[in-house]
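Reading through the structure tokens given below for one structure.
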Amino acid sequence: MTKKHGAYNSPLQVVGYVATRRGDEDRGPWVRMREDEAVKRLVTDGELVWVMGPRGKALAPCFVDPAIPRGGVVVRDLPGIGLTDIVRVVKVDMDRVPRPASLA
């Protein structure tokens, strides 16, 4: 539990990965998790989240799915995330103004 990611952001395991092809009608990244896991993170259905894995992070909408096992997530088309990876899902903070980069 780190201060950076909040007190209620326990790690989740990727239990399913959906990869799409160029010609597929329905494409794009998303993450699915149980409702109780989403509530812990203050995330509502369809809200944009950061998915942070061992090889990077990506933005994706989050959808609630009761079929996902507790402590797990299913992801689609997220670069740097693989099956069985341990990830953190963090709500995007749209209210905070980004700080400018240092000029030094």
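Every chain in the structure tokens has a letter given in the order shown (A, B, ...), and although residue numbers restart at 1 in each chain, ligands are simply numbered from 1 in the order shown.
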>> I want to know what sits within 7 Å of segment 41-52 of chain A, based on only C-alpha atoms, with residues of the same chain fewer than 5 positions away left out; could you give that as an NGL selection string?
In response: :A and (8-9 or 57-64 or 87-92)
>> Please return, as a VMD selection string, all residues of chain A that DSSP assigns to alpha helix (DSSP H) on the basis of the backbone.
In response: chain A and resid 35 to 40
DSSP on the backbone: which residues in segment 5-35 of chain A end up as strand (DSSP E)? Give the answer as a tab-separated table (two decimals) with N, CA and C atoms, in the first residue's frame.
```tsv
chain	number	residue	atom	x	y	z
A	12	LEU	N	-4.32	-6.11	-8.49
A	12	LEU	CA	-5.25	-7.05	-9.13
A	12	LEU	C	-4.46	-7.91	-10.12
A	13	GLN	N	-4.91	-9.13	-10.32
A	13	GLN	CA	-4.26	-10.02	-11.28
A	13	GLN	C	-5.06	-10.05	-12.57
A	14	VAL	N	-4.34	-9.98	-13.68
A	14	VAL	CA	-4.99	-10.10	-14.99
A	14	VAL	C	-5.35	-11.57	-15.19
A	15	VAL	N	-6.65	-11.86	-15.22
A	15	VAL	CA	-7.11	-13.24	-15.37
A	15	VAL	C	-7.62	-13.51	-16.78
A	16	GLY	N	-7.66	-12.48	-17.61
A	16	GLY	CA	-8.08	-12.65	-18.99
A	16	GLY	C	-7.56	-11.52	-19.84
A	17	TYR	N	-7.15	-11.83	-21.06
A	17	TYR	CA	-6.66	-10.80	-21.99
A	17	TYR	C	-7.34	-11.03	-23.33
A	18	VAL	N	-7.97	-9.98	-23.85
A	18	VAL	CA	-8.64	-10.05	-25.14
A	18	VAL	C	-7.84	-9.22	-26.13
A	30	TRP	N	-9.99	-1.64	-22.98
A	30	TRP	CA	-10.88	-1.55	-21.83
A	30	TRP	C	-10.39	-2.47	-20.74
A	31	VAL	N	-10.92	-2.26	-19.55
A	31	VAL	CA	-10.64	-3.14	-18.41
A	31	VAL	C	-11.98	-3.45	-17.75
A	32	ARG	N	-12.16	-4.70	-17.33
A	32	ARG	CA	-13.38	-5.13	-16.65
A	32	ARG	C	-13.02	-5.68	-15.29
A	33	MET	N	-13.84	-5.31	-14.28
A	33	MET	CA	-13.62	-5.79	-12.93
A	33	MET	C	-14.95	-5.93	-12.21
```
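Neighbouring residues of Asp26 of chain A at 12 Å or closer, counting only C-alpha atoms and skipping chain neighbours under 6 positions away, are Val18, Ala19, Thr20, Arg76 and Asp77 of chain A.
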Keeping only C-alpha atoms, write the selected residues to a file as a short mmCIF file (atom, residue, chain, number, x, y, z; two decimals), in the first residue's frame.
```
data_model
loop_
_atom_site.label_atom_id
_atom_site.label_comp_id
_atom_site.auth_asym_id
_atom_site.auth_seq_id
_atom_site.Cartn_x
_atom_site.Cartn_y
_atom_site.Cartn_z
CA VAL A 18 -8.64 -10.05 -25.14
CA ALA A 19 -6.63 -9.14 -28.23
CA THR A 20 -8.34 -7.80 -31.34
CA ARG A 76 -8.41 -5.77 -23.89
CA ASP A 77 -5.74 -4.32 -26.17
#
```
>> Nearest residue to Gly71 of chain A out of A:Gly53, A:Glu35, A:Gly28, A:Gly23, using only C-alpha atoms?
In response: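 Once distances to Gly71 of chain A are computed over only C-alpha atoms, the minimum belongs to A:Glu35.
For the residues A:Glu25, A:Ala38, A:Val97, A:Pro11, ranking by smallest atom-to-atom distance to Thr84 of chain A using only C-alpha atoms places A:Pro11 first.
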>> My list of candidates is A:Ser10, A:Arg27, A:Lys40, A:Ile81. Which is closest to Gly56 of chain A when distances are computed with only C-alpha atoms?
In response: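 Of the candidates, the smallest distance to Gly56 of chain A is held by A:Ile81.
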> In Å, how far is it from atom CA of Pro54 of chain A to atom CA of Ile86 of chain A?
Replying inline: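 Interatomic distance here is 7.4 Å.
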